[in-house]
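As structure tokens, the structure follows; a few thoughts come after it.
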Amino acid sequence: MCEAFKREKNGEHLYLRSNKLARSKQLRIEYPRVTEAQRVQDIQSSKEHSARTNVLFVCSRNQWRSPTAEQVWRRHPALSVRSAGTSPNARHSVTVADLSWSDVVFVMEEKHKSRLLAEYRRVLENKPVHVLDIPDEYKYMDAELVGLLQQSVGAILGIE
């Protein structure tokens, strides 16, 4: 049977695909919302993405150190990066989804590692958590902080 005549269920009624297309044009809605080309592109990008290492940077309030680390490493072709904070009032607090997504976690201080292990031990069981020993004395994109992050993270991951 031709793809255009394939029946699709919509609520209680069955519509022909061609009817849906006609109705979407009437309403000026793009249907299907994701084109076939976009679907293929998404699949390809997910394959590329899976070849990358997912890195999560964590500090207390997700204000200066971890966002700087995210910014420094975000354009590296081998990495996908995010940042989060351990504090409940952080700009973005660490979630189970963040930790599940990550392949490796970098924390700025030992206390961050302790907090993560206290709350998310099971999620972190098989993930490396590296302590960078970077104190909370830097502002966002401070030149010294950027240098420390490039050197320490690069050395641990074996990249430049």
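Following the order of the structure tokens, first chain is A, next is B, and so on, with residues numbered from 1 inside each chain and ligands from 1 in the order they appear.
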
Exercise for review: For segment 53-69 of chain A, please output as a VMD selection string all residues within 9 Å (counting only C-alpha atoms; exclusion window: fewer than 4 positions along the same chain).
Suggested key: chain A and resid 49 73 to 74 78 to 94 98 to 99 101 to 109 112 to 113 134 to 136 138 to 142 145 to 146 149 to 150 153

Check your understanding: For Leu148 of chain A, which residue among A:Leu27, A:Val72, A:Glu119, A:Glu125 is the nearest when counting only C-alpha atoms?
Key ->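 Checking each of A:Leu27, A:Val72, A:Glu119, A:Glu125 against Leu148 of chain A, counting only C-alpha atoms, the winner is A:Val72.
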
Check your understanding: Out of A:Ile156, A:Ala118, A:Ala143, A:Ala22, which residue has the shortest atom-to-atom distance to His130 of chain A when counting only C-alpha atoms?
Key -> A:Ile156

Review point. What's the 7 Å shell around Ser100 of chain A, counting only C-alpha atoms, without same-chain residues fewer than 3 positions away, as a count of residues only?
Key: 3

Exercise for review: If you run DSSP over the backbone, which residues in segment 68-144 of chain A end up helix (DSSP H, G or I)? Put them as a VMD selection string.
Suggested key: chain A and resid 68 to 73 96 to 101 110 to 120 143 to 144

Limited to N, CA and C atoms, could you put the picked residues into a file as a PDB file, in the first residue's frame?
ATOM      1  N   THR A  68      32.355  28.285  33.408  1.00  0.00           N
ATOM      2  CA  THR A  68      33.588  28.597  32.693  1.00  0.00           C
ATOM      3  C   THR A  68      34.137  27.332  32.042  1.00  0.00           C
ATOM      4  N   ALA A  69      34.154  26.233  32.788  1.00  0.00           N
ATOM      5  CA  ALA A  69      34.637  24.958  32.241  1.00  0.00           C
ATOM      6  C   ALA A  69      33.788  24.528  31.046  1.00  0.00           C
ATOM      7  N   GLU A  70      32.475  24.692  31.173  1.00  0.00           N
ATOM      8  CA  GLU A  70      31.585  24.347  30.060  1.00  0.00           C
ATOM      9  C   GLU A  70      31.918  25.202  28.841  1.00  0.00           C
ATOM     10  N   GLN A  71      32.125  26.478  29.039  1.00  0.00           N
ATOM     11  CA  GLN A  71      32.425  27.382  27.936  1.00  0.00           C
ATOM     12  C   GLN A  71      33.774  27.048  27.289  1.00  0.00           C
ATOM     13  N   VAL A  72      34.771  26.739  28.103  1.00  0.00           N
ATOM     14  CA  VAL A  72      36.109  26.428  27.599  1.00  0.00           C
ATOM     15  C   VAL A  72      36.095  25.173  26.727  1.00  0.00           C
ATOM     16  N   TRP A  73      35.341  24.153  27.143  1.00  0.00           N
ATOM     17  CA  TRP A  73      35.387  22.858  26.457  1.00  0.00           C
ATOM     18  C   TRP A  73      34.234  22.606  25.500  1.00  0.00           C
ATOM     19  N   VAL A  96      19.521  13.772  38.300  1.00  0.00           N
ATOM     20  CA  VAL A  96      19.811  12.387  37.918  1.00  0.00           C
ATOM     21  C   VAL A  96      20.017  12.314  36.408  1.00  0.00           C
ATOM     22  N   ALA A  97      19.234  13.077  35.666  1.00  0.00           N
ATOM     23  CA  ALA A  97      19.360  13.083  34.201  1.00  0.00           C
ATOM     24  C   ALA A  97      20.748  13.567  33.772  1.00  0.00           C
ATOM     25  N   ASP A  98      21.267  14.605  34.427  1.00  0.00           N
ATOM     26  CA  ASP A  98      22.612  15.094  34.114  1.00  0.00           C
ATOM     27  C   ASP A  98      23.657  14.016  34.374  1.00  0.00           C
ATOM     28  N   LEU A  99      23.547  13.372  35.515  1.00  0.00           N
ATOM     29  CA  LEU A  99      24.529  12.355  35.882  1.00  0.00           C
ATOM     30  C   LEU A  99      24.407  11.111  35.002  1.00  0.00           C
ATOM     31  N   SER A 100      23.198  10.744  34.642  1.00  0.00           N
ATOM     32  CA  SER A 100      22.999   9.598  33.748  1.00  0.00           C
ATOM     33  C   SER A 100      23.562   9.891  32.365  1.00  0.00           C
ATOM     34  N   TRP A 101      23.409  11.115  31.905  1.00  0.00           N
ATOM     35  CA  TRP A 101      23.900  11.538  30.596  1.00  0.00           C
ATOM     36  C   TRP A 101      25.422  11.500  30.539  1.00  0.00           C
ATOM     37  N   GLU A 110      36.634  18.750  46.655  1.00  0.00           N
ATOM     38  CA  GLU A 110      36.306  17.453  47.273  1.00  0.00           C
ATOM     39  C   GLU A 110      34.891  17.458  47.859  1.00  0.00           C
ATOM     40  N   LYS A 111      34.448  18.602  48.398  1.00  0.00           N
ATOM     41  CA  LYS A 111      33.114  18.670  48.993  1.00  0.00           C
ATOM     42  C   LYS A 111      32.015  18.423  47.945  1.00  0.00           C
ATOM     43  N   HIS A 112      32.259  18.804  46.699  1.00  0.00           N
ATOM     44  CA  HIS A 112      31.273  18.558  45.639  1.00  0.00           C
ATOM     45  C   HIS A 112      31.148  17.063  45.362  1.00  0.00           C
ATOM     46  N   LYS A 113      32.276  16.389  45.352  1.00  0.00           N
ATOM     47  CA  LYS A 113      32.261  14.933  45.148  1.00  0.00           C
ATOM     48  C   LYS A 113      31.508  14.253  46.293  1.00  0.00           C
ATOM     49  N   SER A 114      31.779  14.685  47.515  1.00  0.00           N
ATOM     50  CA  SER A 114      31.098  14.110  48.682  1.00  0.00           C
ATOM     51  C   SER A 114      29.592  14.304  48.609  1.00  0.00           C
ATOM     52  N   ARG A 115      29.175  15.500  48.220  1.00  0.00           N
ATOM     53  CA  ARG A 115      27.736  15.785  48.096  1.00  0.00           C
ATOM     54  C   ARG A 115      27.089  14.921  47.019  1.00  0.00           C
ATOM     55  N   LEU A 116      27.764  14.786  45.883  1.00  0.00           N
ATOM     56  CA  LEU A 116      27.218  13.965  44.796  1.00  0.00           C
ATOM     57  C   LEU A 116      27.110  12.510  45.223  1.00  0.00           C
ATOM     58  N   LEU A 117      28.156  11.990  45.869  1.00  0.00           N
ATOM     59  CA  LEU A 117      28.132  10.588  46.299  1.00  0.00           C
ATOM     60  C   LEU A 117      27.082  10.352  47.382  1.00  0.00           C
ATOM     61  N   ALA A 118      26.886  11.343  48.255  1.00  0.00           N
ATOM     62  CA  ALA A 118      25.879  11.199  49.308  1.00  0.00           C
ATOM     63  C   ALA A 118      24.478  11.109  48.722  1.00  0.00           C
ATOM     64  N   GLU A 119      24.224  11.854  47.660  1.00  0.00           N
ATOM     65  CA  GLU A 119      22.870  11.899  47.110  1.00  0.00           C
ATOM     66  C   GLU A 119      22.654  10.984  45.906  1.00  0.00           C
ATOM     67  N   TYR A 120      23.697  10.740  45.120  1.00  0.00           N
ATOM     68  CA  TYR A 120      23.524  10.005  43.860  1.00  0.00           C
ATOM     69  C   TYR A 120      24.494   8.833  43.714  1.00  0.00           C
ATOM     70  N   ALA A 143      41.121  34.459  33.400  1.00  0.00           N
ATOM     71  CA  ALA A 143      42.200  33.896  32.573  1.00  0.00           C
ATOM     72  C   ALA A 143      42.944  32.776  33.300  1.00  0.00           C
ATOM     73  N   GLU A 144      43.188  32.946  34.590  1.00  0.00           N
ATOM     74  CA  GLU A 144      43.885  31.909  35.362  1.00  0.00           C
ATOM     75  C   GLU A 144      43.025  30.649  35.487  1.00  0.00           C
TER      76      GLU A 144
END
